[in-house]
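Participant: Take a look at the following structure, please.
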Number of protein chains: 2
Amino acid sequence: MNLGSININQIRQGDCVELLKKLPDNSIDLIFADPPYNLQLNGELYRPNQTKVDAVTDAWDKFDSKEVYDIFTEQWLKECHRVLKPTGSFWVIGTYHNIFRVGAILQNVGFWMLNDIIWVKPNPMPNFKGTRFNNAHETLIWATKSQKSSYTFHYHSMKVANDDLQMRSDWFIPICQGEERIKVNGVKAHSTQKPAELLMRVILSTSNVGDIVLDPFSGSGTTAAVAKRLGRNFIGFEREPFYIQVTNDRLSKITPIDKPLLEYKIEKRKPKVPFGNLIEKGYIKIGEFLYSRDGKQSAQVQADSSLILDGEAGSIHKISATLLKKENHNGWAFWYAKRNKQLISIDTMRYDFEKKYIATKATYQTLEFENSVVNEPEESFLKYEDHVI
Amino acid sequence: MNLGSININQIRQGDCVELLKKLPDNSIDLIFADPPYNLQLNGELYRPNQTKVDAVTDAWDKFDSKEVYDIFTEQWLKECHRVLKPTGSFWVIGTYHNIFRVGAILQNVGFWMLNDIIWVKPNPMPNFKGTRFNNAHETLIWATKSQKSSYTFHYHSMKVANDDLQMRSDWFIPICQGEERIKVNGVKAHSTQKPAELLMRVILSTSNVGDIVLDPFSGSGTTAAVAKRLGRNFIGFEREPFYIQVTNDRLSKITPIDKPLLEYKIEKRKPKVPFGNLIEKGYIKIGEFLYSRDGKQSAQVQADSSLILDGEAGSIHKISATLLKKENHNGWAFWYAKRNKQLISIDTMRYDFEKKYIATKATYQTLEFENSVVNEPEESFLKYEDHVI
DNA sequence: CCACTGCATGAATCCGAGG
DNA sequence: ACCTCGGATTCATGCAGTG
């Protein structure tokens with residue numbers, strides 16, 4: 001399997017810009033980039049106008065290192081932007097030394113930022129001289145190809161992972177050390193090996209099984225390793241043969257997790273019960289009136305599941321929007337039915353209905369979730385029994 | 001008191017770039033800048049309960065394009081750079097919408113970044129639509145005028161404030177709400193009032209009593225208010241007369257904290273006990289031998305506090321450097337004394353000595369919290385009692 | 001005075017499938 | 001690409017009101 005002349009699920013040796021140029025437009029689902037902070041002038045550099053910079057005689061003389069770094073950054077960011085699918089996600093990580101330049105240039109190149117994420121390190125290296133605040137974090141940027149891009153974001157999975165609270169922009173992840181830290185002959189193989197946990201969260205949140213994940217600065221191969229483990233395809237670019245060898249050793253020991261375990265079950269919830277269904281089942285009675293929360297407005301339920309207000313017929317959404325003088329509105333959040341002299345939200349009623357009569361074994365374990373109906377409706381509609389007009 | 005045509009301890013109405021130009025070169029000790037973020041909000045946003053989010057729609061946050069924003073940013077940053085003293089500190093705050101551009105430009109203008117600081121909000125506004133990670137932080141940048149600048153940093157005070165651990169680059173501070181949030185006729189006076197706690201930390205860590213603190217985007221006046229409270233002088237620039245009025249009301253209610261309470265006592269610790277002092281007090285005995293960590297090397301203590309090794313006399317530092325074949329070395333980290341057949345670092349012995357017998361009531365005054373209680377020295381020199389050769 | 005509930009609100013680049 | 005329209009979506013905190 002390959003993209004152009006680049007094989008999939010391999011780490012390719014070479015200069016990242018040159019290799020990026022071999023990839024077709026709009027071919028990559030997810031890019032994770034951990035660019036060097038200190039630029040080494042090994043490759044060739046081009047100015048934004050495509051004139052070549054002589055790295056030795058020109059760049060060092062006429063540009064300061066900041067400008068050379070900007071040119072380099074723009075080159076690889078432009079290529080990443082080109083190869084990213086319109087629905088793809090782009091991630092980059094850095095520290096204050098480079099992330100502001102990278103962030104500004106990626107905006108200039110057309111990327112649209114969705115979040116900056118702070119990787120908070122519980123165990124950073126201290127500031128030994130006591131001259132600054134202990135630099136205890138790194139910054140990631142998550143961006144799409146353009147402002148209008150639609151993108152993959154497994155919101156509910158992230159929320160479940162965070163104990164049912166939405167995942168925040170601050171991620172507490174220890175630095176890579178101990179067992180996880182790859183060593184060759186007792187010395188660490190790579191100076192900036194990223195923790196797998198960080199890549200897990202990036203890849204799980206913004207890509208799907210089978211996607212192609214590219215890391216243009218592959219390094220110790222954490223991106224490839226995690227991608228493989230999570231059932232994604234990967235492409236890595238790396239200049240140093242030694243790091244490629246380290247990565248290949250690493251990859252050889254990884255078995256992908258079984259596909260069924262990788263499914264985003266929590267995201268695939270059934271569509272909720274439509275309004276008409278509540279009428280069919282007798283939860284809502286044809287002819288009864290629904291009320292606004294304050295009870296001051298009402299509309300009558302028709303046999304075709306529409307509401308009638310002042311002679312105008314429409315969906316629960318449409319009529320609520322009319323009353324609120326808005327373009328659109330979610331009727332489920334607007335209408336209440338009168339039960340036992342109390343107003344009960346039709347959304348609550350629907351939730352109750354779902355809970356009782358639809359199989360809700362929508363847990364991690366059950367793969368049969370999709371269509372299984374476990375309980376026949378046996379109870380009568382006791383709670384809403386008096387739904388007579 | 002004034003700087004050029006700008007009065008000190010006043011908020012001045014007008015455009016910040018024009019007003020900055022009135023300030024002399026190298027005249028400001030600390031700048032805290034909270035520029036417009038250039039949020040680019042589209043429609044209206046509703047919470048799930050259908051209430052409308054009161055967004056930042058102020059005219060001052062609107063820019064025609066990011067190019068216009070960049071030009072504006074470069075203008076005020078250049079002026080800030082000019083007016084900052086060579087020993088001064090520059091701070092700026094922003095979110096992912098603008099901070100990368102600001103950060104890159106401030107580097108271009110010549111500032112030298114020391115840290116980026118993450119203001120982590122325990123209570124941010126959620127992401128209501130479940131479309132992104134909850135943006136739960138803002139970013140501050142701390143920079144000096146140039147790479148070679150010396151600067152004020154109250155490292156020890158920050159450390160004490162952080163329970164004797166180095167202050168980190170992630171600051172957990174709640175957003176400004178409740179009592180602290182200034183309201184006029186029941187509505188918030190300013191859409192982006194910063195918490196005083198944030199400014200306290202900035203001002204306490206990187207300025208001194210009597211310094212001049214400038215906020216070119218004064219807004220609700222938090223910088224001026226905290227500066228006044230902490231015994232600093234302030235200058236504020238603000239375009240909107242309404243905000244100036246709010247600030248003046250605010251300032252009128254603030255009394256500076258008493259000077260003695262503001263002193264950086266923890267920074268002014270006595271110089272550590274010199275080696276000779278340990279000899280005088282009998283901790284180290286004249287004539288005994290000190291040893292390298294592995295015990296393989298040793299030198300003898302002389303009456304004049306020097307060590308003798310192979311006939312050569314020198315300080316603990318000099319002799320350790322000789323042994324390590326280095327130009328300089330910290331002898332405190334090299335030498336061990338034999339006590340109870342164990343080797344004990346002379347630095348540990350010194351630390352113990354300091355802790356017990358030097359009055360260190362110079363604890364950190366946290367301004368808002370109780371003074372920590374200092375225990376009187378009660379134990380005797382039991383631990384090193386047997387320091388006989 | 002305390003306990004509890006309900007409600008308001010904060011720098012927000014905040015929908016997406018299907019026609 | 002544009003338009004329509006169904007319907008999915010929130011956390012911590014402070015304060016007012018009530019019992």
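To be explicit about the labels: the chains of the structure tokens are called A, B, and onward in the order shown, and within each one the residues are counted from 1, while ligands get numbers from 1 in the order they are shown.
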Write down, as a ChimeraX atom specification, each residue of chain D that has any atom within 6 Å of an atom of chain B, counting only C-alpha atoms (C1' of nucleotides).
Facilitator: /D:9-12,14
Participant: Those residues with N, CA and C atoms (P, O5', C5', C4', C3', O3' and C1' of nucleotides), as an mmCIF file, in the first residue's frame please?
Facilitator:
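As written to disk, result-v8.cif reads:
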```cif
data_model
loop_
_atom_site.group_PDB
_atom_site.id
_atom_site.type_symbol
_atom_site.label_atom_id
_atom_site.label_comp_id
_atom_site.auth_asym_id
_atom_site.auth_seq_id
_atom_site.Cartn_x
_atom_site.Cartn_y
_atom_site.Cartn_z
ATOM 1 P P DT D 9 -25.310 15.155 22.113
ATOM 2 O "O5'" DT D 9 -24.971 16.564 22.742
ATOM 3 C "C5'" DT D 9 -23.875 17.303 22.231
ATOM 4 C "C4'" DT D 9 -23.824 18.627 22.948
ATOM 5 C "C3'" DT D 9 -24.132 18.544 24.430
ATOM 6 O "O3'" DT D 9 -22.905 18.531 25.148
ATOM 7 C "C1'" DT D 9 -25.137 20.465 23.388
ATOM 8 P P DT D 10 -22.944 18.193 26.754
ATOM 9 O "O5'" DT D 10 -22.798 19.686 27.280
ATOM 10 C "C5'" DT D 10 -21.586 20.394 27.031
ATOM 11 C "C4'" DT D 10 -21.258 21.296 28.185
ATOM 12 C "C3'" DT D 10 -21.328 20.612 29.529
ATOM 13 O "O3'" DT D 10 -20.033 20.102 29.843
ATOM 14 C "C1'" DT D 10 -22.465 22.742 29.581
ATOM 15 P P DC D 11 -19.878 19.144 31.119
ATOM 16 O "O5'" DC D 11 -19.338 20.150 32.229
ATOM 17 C "C5'" DC D 11 -17.988 20.604 32.123
ATOM 18 C "C4'" DC D 11 -17.689 21.558 33.248
ATOM 19 C "C3'" DC D 11 -18.115 21.101 34.639
ATOM 20 O "O3'" DC D 11 -17.034 21.405 35.505
ATOM 21 C "C1'" DC D 11 -18.985 23.239 34.213
ATOM 22 P P DA D 12 -16.908 20.927 36.948
ATOM 23 O "O5'" DA D 12 -16.602 22.292 37.710
ATOM 24 C "C5'" DA D 12 -15.625 23.160 37.156
ATOM 25 C "C4'" DA D 12 -15.785 24.529 37.748
ATOM 26 C "C3'" DA D 12 -15.979 24.558 39.251
ATOM 27 O "O3'" DA D 12 -15.148 25.571 39.778
ATOM 28 C "C1'" DA D 12 -17.770 25.690 38.197
ATOM 29 P P DG D 14 -16.966 31.106 44.439
ATOM 30 O "O5'" DG D 14 -17.911 32.387 44.423
ATOM 31 C "C5'" DG D 14 -18.054 33.139 43.223
ATOM 32 C "C4'" DG D 14 -19.427 33.763 43.194
ATOM 33 C "C3'" DG D 14 -19.980 34.121 44.581
ATOM 34 O "O3'" DG D 14 -20.612 35.383 44.501
ATOM 35 C "C1'" DG D 14 -21.498 32.711 43.462
#
```
Participant: Hey, can you check how far CA of Asp249 (chain A) sits from CA of Thr222 (chain A)?
Facilitator: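 So the two atoms, CA of Asp249 (chain A) and CA of Thr222 (chain A), lie 12.0 Å apart.
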Participant: I'd like the contact shell of Asp25 (chain A) - 8 Å cut-off, only C-alpha atoms (C1' of nucleotides), skipping same-chain residues fewer than 5 positions apart - returned as a list in words.
Facilitator: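 Neighbouring residues, sequence-local ones excluded: Arg82, Val83, Leu84 and Lys85 of chain A.
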Participant: Take CA of Val301 (chain B) and CA of Trp332 (chain B) and report the distance between them in Å, one decimal.
Facilitator: 13.8 Å
Participant: What residues in chain A lie within 7 Å of chain B, counting only C-alpha atoms, written as a short mmCIF file (atom, residue, chain, number, x, y, z; two decimals) with N, CA and C atoms, in the first residue's frame?
Facilitator:
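In the end it all went to selection-v1.cif:
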```cif
data_model
loop_
_atom_site.label_atom_id
_atom_site.label_comp_id
_atom_site.auth_asym_id
_atom_site.auth_seq_id
_atom_site.Cartn_x
_atom_site.Cartn_y
_atom_site.Cartn_z
N TYR A 96 8.13 27.40 24.20
CA TYR A 96 8.13 28.83 23.92
C TYR A 96 9.24 29.24 22.97
N PHE A 100 5.55 29.88 19.11
CA PHE A 100 4.87 31.10 18.68
C PHE A 100 5.12 31.37 17.20
N ARG A 101 6.34 31.10 16.78
CA ARG A 101 6.65 31.27 15.35
C ARG A 101 5.88 30.24 14.53
N GLY A 103 3.15 28.69 15.34
CA GLY A 103 1.72 28.98 15.39
C GLY A 103 1.32 30.10 14.44
N ALA A 104 2.12 31.16 14.43
CA ALA A 104 1.80 32.29 13.55
C ALA A 104 1.90 31.87 12.09
N LEU A 114 -8.09 25.16 16.09
CA LEU A 114 -9.26 24.76 16.86
C LEU A 114 -8.99 24.88 18.36
N ASN A 115 -7.82 24.50 18.77
CA ASN A 115 -7.42 24.60 20.17
C ASN A 115 -5.91 24.73 20.26
N ASP A 116 -5.45 25.36 21.31
CA ASP A 116 -4.09 25.05 21.76
C ASP A 116 -4.23 24.23 23.03
N GLY A 130 17.46 28.61 39.26
CA GLY A 130 16.53 29.49 39.96
C GLY A 130 16.40 30.84 39.33
N THR A 131 16.44 30.88 38.01
CA THR A 131 16.41 32.16 37.32
C THR A 131 15.09 32.43 36.62
N ARG A 132 14.26 31.41 36.51
CA ARG A 132 12.97 31.57 35.83
C ARG A 132 11.95 30.69 36.51
N PHE A 133 10.71 30.76 36.03
CA PHE A 133 9.72 29.80 36.46
C PHE A 133 10.07 28.45 35.85
N ASN A 134 9.81 27.42 36.59
CA ASN A 134 10.07 26.07 36.09
C ASN A 134 9.18 25.80 34.87
N ASN A 135 9.82 25.58 33.77
CA ASN A 135 9.07 25.37 32.53
C ASN A 135 8.44 23.98 32.54
N ALA A 136 7.21 23.92 32.95
CA ALA A 136 6.58 22.64 33.30
C ALA A 136 5.55 22.19 32.27
N HIS A 137 5.63 22.72 31.07
CA HIS A 137 4.62 22.35 30.07
C HIS A 137 5.19 22.46 28.66
N TYR A 155 -15.77 13.60 20.50
CA TYR A 155 -16.10 14.36 21.71
C TYR A 155 -16.55 13.47 22.85
N GLN A 166 -16.37 17.22 30.00
CA GLN A 166 -15.74 17.42 28.69
C GLN A 166 -14.23 17.62 28.85
N MET A 167 -13.49 17.05 27.92
CA MET A 167 -12.03 17.10 27.98
C MET A 167 -11.58 18.54 27.79
N ARG A 168 -10.67 18.94 28.66
CA ARG A 168 -10.19 20.31 28.66
C ARG A 168 -8.91 20.46 27.85
N SER A 169 -8.46 21.71 27.77
CA SER A 169 -7.25 22.00 26.98
C SER A 169 -5.97 21.80 27.78
N ASP A 170 -6.08 21.42 29.03
CA ASP A 170 -4.87 21.13 29.81
C ASP A 170 -4.79 19.64 30.08
#
```
Participant: Taking only C-alpha atoms (C1' of nucleotides) into account, which residues of chain C are within 12 Å of chain A, as a list in words?
Facilitator: DA12, DT13, DC14, DC15, DG16 and DA17 of chain C
Participant: Please, which residues of region 127-362 of chain B, numbered as in this document, come out alpha helix (DSSP H) from DSSP, as a ChimeraX atom specification?
Facilitator: /B:155-161,196-206,222-229,241-252,259-262,275-280,316-324,346-357
Participant: Find the distance between CA of Lys341 (chain B) and CA of Lys296 (chain B) and write it in Å to one decimal.
Facilitator: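 Spanning CA of Lys341 (chain B) to CA of Lys296 (chain B) is a straight-line distance of 14.5 Å.
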Participant: Write down as a PyMOL selection string the residues of region 180-304 of chain B whose backbone DSSP state falls under strand (DSSP E or B).
Facilitator: chain B and resi 183-184+187-188+212-215+233-238+289-291+298-301
Participant: For His81 (chain B), list every protein, DNA or RNA residue within 8 Å, evaluated using only C-alpha atoms (C1' of nucleotides), and leave out those in the same chain fewer than 3 positions away; present the list as a ChimeraX atom specification.
Facilitator: /B:77-78,84,109-111,145
Participant: I want to know what sits within 12 Å of DC4 (chain C), based on only C-alpha atoms (C1' of nucleotides), with residues of the same chain fewer than 3 positions away left out; could you give that as a short mmCIF file (atom, residue, chain, number, x, y, z; two decimals) with C-alpha atoms (C1' of nucleotides), in the first residue's frame?
Facilitator:
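Final output, saved to around-v8.cif:
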```cif
data_model
loop_
_atom_site.label_atom_id
_atom_site.label_comp_id
_atom_site.auth_asym_id
_atom_site.auth_seq_id
_atom_site.Cartn_x
_atom_site.Cartn_y
_atom_site.Cartn_z
"C1'" DG D 17 -34.41 33.05 47.55
"C1'" DT D 18 -36.69 29.71 50.43
"C1'" DG D 19 -37.54 26.65 54.21
#
```
